[in-house]
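Worksheet: one structure, shown below.
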Amino acid sequence: MLNHSNVWRAVDQLAAAHGLSASGLAKKAGLDATTFNKSKRQTREGKLRWPSTESVAKILNATGADLHEFVAYVEDGQRAAPRNIPLIGLAQAGSEGYFDDAGYPTGGSWEEISFPGSTGQHSFAVEISGDSMEPAFREGDIVIVSPEESVRRGDRVVVRTTAGEVMAKVLKRQTAGHIELSSFNPAHEDREFATADIDWIHRILWAAQ
């Protein structure tokens with residue numbers, strides 16, 4: 001049900017899913033730290049205040065969540081029960097034997113982490129290395145990716161080439177014949193690949209820092 005209480009609860013639960021307080025989520029999204037404080041949710045006269053569309057868009061962008069996930073929090077008011085998912089380093093992800101032909105984790109020679117969010121059956125975690133995605137993702141950050149989600153222009157993604165190179169990037173452009181990838185860090189140039197040279201490309205759903 002879309003009501004004041006459920007919408008604010010969704011904000012709180014999105015923050016909790018990323019190990020943040022409401023104020024921590026606001027700061028991560030570039031908002032004033034008091035934006036989501038309890039005292040800001042209604043006026044002194046008792047009139048209800050709702051989070052703005054802009055603030056919701058910013059927290060979704062900052063956490064890598066999408067509107068569908070946020071609405072799920074609003075509708076059911078529950079976080080999914082934590083479950084263990086594979087944790088694979090970028091270097092490991094480039095090795096043989098970690099993925100099947102569809103880009104799903106296979107075997108069992110990996111670590112696992114407990115993840116409290118709602119993800120697809122084949123989702124897995126990747127530990128970031130390098131600085132190409134700073135300041136969004138830093139060395140050692142953990143991102144959750146889903147092979148089952150479609151990717152769109154502007155999505156943050158993890159990509160594996162047929163040569164075994166694995167990288168976290170932003171999908172800049174995708175056509176039938178080639179893919180363009182960009183980095184947040186301007187010190188790193190854009191990358192272009194023929195579609196035939198891409199093994200798989202998966203969308204980043206969540207980031208834990």
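By order in the structure tokens, chains are A, B, ...; within a chain, residues start at 1; ligands start at 1, following the order shown.
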With a cut-off of 10 Å, could you pull out the residues of segment 144-169 of chain A touching segment 61-69 of chain A and give me the nearest pair of atoms for each, distance in Å to one decimal, using only C-alpha atoms, ordered by chain and ascending number, as JSON lines?
{"residue": "A:Ile144", "atom": "CA", "partner": "A:Gly64", "partner_atom": "CA", "distance": 9.3}
{"residue": "A:Asp155", "atom": "CA", "partner": "A:Gly64", "partner_atom": "CA", "distance": 8.7}
{"residue": "A:Arg156", "atom": "CA", "partner": "A:Gly64", "partner_atom": "CA", "distance": 7.8}
If you keep C-alpha atoms, can you produce a file of those selected residues as a PDB file, in the first residue's frame?
ATOM      1  CA  ILE A 144      26.185  -7.578  -6.019  1.00  0.00           C
ATOM      2  CA  ASP A 155      23.872   0.950 -15.846  1.00  0.00           C
ATOM      3  CA  ARG A 156      26.832   0.078 -13.662  1.00  0.00           C
TER       4      ARG A 156
END
* Compile the contact shell of Ala22 of chain A as an NGL selection string: residues with an atom at most 10 Å away, counting only C-alpha atoms, same-chain residues fewer than 2 positions apart removed. => :A and (8 or 11-16 or 19-20 or 24-28 or 33-38)
Per residue of segment 10-34 of chain A within 12 Å of segment 136-143 of chain A, which atom pair is closest and at what distance in Å (one decimal), using only C-alpha atoms, listed by chain and increasing number, as a Markdown table?
| residue | atom | partner | partner_atom | distance |
| --- | --- | --- | --- | --- |
| A:His18 | CA | A:Val143 | CA | 10.8 |
| A:Lys28 | CA | A:Ala136 | CA | 9.9 |
| A:Ala29 | CA | A:Ala136 | CA | 10.7 |
| A:Gly30 | CA | A:Ala136 | CA | 11.9 |
* **Computed interatomic separation between atom CA of Val151 of chain A and atom CA of Trp200 of chain A (Å)** => 11.0 Å
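Residues in contact with segment 170-185 of chain A at 8 Å, where only C-alpha atoms are counted and same-chain residues fewer than 6 positions away are skipped, are listed as Asp131, Ser132, Met133, Glu134, Pro135, Ala136, Arg152, Arg153, Gly154, Asp155, Arg156, Val157, Arg191, Glu192, Phe193, Ala194, Thr195 and Ala196 of chain A.
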Output N, CA and C atoms for every residue in the selection just made, as a tab-separated table (two decimals), in the first residue's frame.
chain	number	residue	atom	x	y	z
A	131	ASP	N	41.14	1.36	-9.33
A	131	ASP	CA	40.53	2.65	-9.01
A	131	ASP	C	39.71	3.24	-10.16
A	132	SER	N	39.40	2.44	-11.18
A	132	SER	CA	38.72	3.00	-12.36
A	132	SER	C	37.31	3.48	-12.07
A	133	MET	N	36.68	2.96	-10.98
A	133	MET	CA	35.30	3.35	-10.68
A	133	MET	C	35.20	4.28	-9.47
A	134	GLU	N	36.34	4.80	-9.02
A	134	GLU	CA	36.26	5.78	-7.93
A	134	GLU	C	35.64	7.08	-8.46
A	135	PRO	N	34.85	7.78	-7.64
A	135	PRO	CA	34.59	7.52	-6.22
A	135	PRO	C	33.39	6.61	-5.94
A	136	ALA	N	32.69	6.13	-6.99
A	136	ALA	CA	31.50	5.30	-6.76
A	136	ALA	C	31.87	3.99	-6.07
A	152	ARG	N	20.92	-1.78	-19.32
A	152	ARG	CA	20.54	-0.64	-20.14
A	152	ARG	C	21.67	0.39	-20.11
A	153	ARG	N	21.62	1.28	-21.06
A	153	ARG	CA	22.59	2.36	-21.12
A	153	ARG	C	22.60	3.13	-19.81
A	154	GLY	N	23.80	3.37	-19.29
A	154	GLY	CA	23.94	4.08	-18.03
A	154	GLY	C	24.04	3.19	-16.81
A	155	ASP	N	23.77	1.88	-16.97
A	155	ASP	CA	23.87	0.95	-15.85
A	155	ASP	C	25.32	0.74	-15.44
A	156	ARG	N	25.53	0.53	-14.17
A	156	ARG	CA	26.83	0.08	-13.66
A	156	ARG	C	26.87	-1.43	-13.83
A	157	VAL	N	27.93	-1.93	-14.41
A	157	VAL	CA	27.97	-3.34	-14.79
A	157	VAL	C	29.32	-3.97	-14.47
A	191	ARG	N	36.46	2.21	-22.90
A	191	ARG	CA	36.84	0.96	-23.56
A	191	ARG	C	35.76	0.58	-24.56
A	192	GLU	N	36.19	0.04	-25.69
A	192	GLU	CA	35.25	-0.44	-26.71
A	192	GLU	C	35.60	-1.88	-27.08
A	193	PHE	N	34.55	-2.70	-27.24
A	193	PHE	CA	34.74	-4.11	-27.59
A	193	PHE	C	33.71	-4.51	-28.64
A	194	ALA	N	34.11	-5.43	-29.49
A	194	ALA	CA	33.14	-6.07	-30.37
A	194	ALA	C	32.25	-6.96	-29.50
A	195	THR	N	30.99	-7.02	-29.83
A	195	THR	CA	30.07	-7.84	-29.05
A	195	THR	C	30.54	-9.29	-28.98
A	196	ALA	N	31.15	-9.77	-30.04
A	196	ALA	CA	31.64	-11.14	-30.07
A	196	ALA	C	32.77	-11.38	-29.07
* Asked: Pick from A:Leu31, A:Ala125, A:Ile204, A:Val159: nearest to Lys58 of chain A, with only C-alpha atoms counted?
  -> A:Leu31
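For the residues A:Gln42, A:Ser150, A:Ser55, A:Ser129, ranking by smallest atom-to-atom distance to Ile201 of chain A using only C-alpha atoms places A:Ser150 first.
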* To do: Within chain A, find each residue whose DSSP state, derived from the backbone, is strand (DSSP E or B), and express the selection as a PyMOL selection string.
  => chain A and resi 42+48+83-89+99+105+111-115+124-127+142-146+156-161+166-174+178-182+191-194+198-208
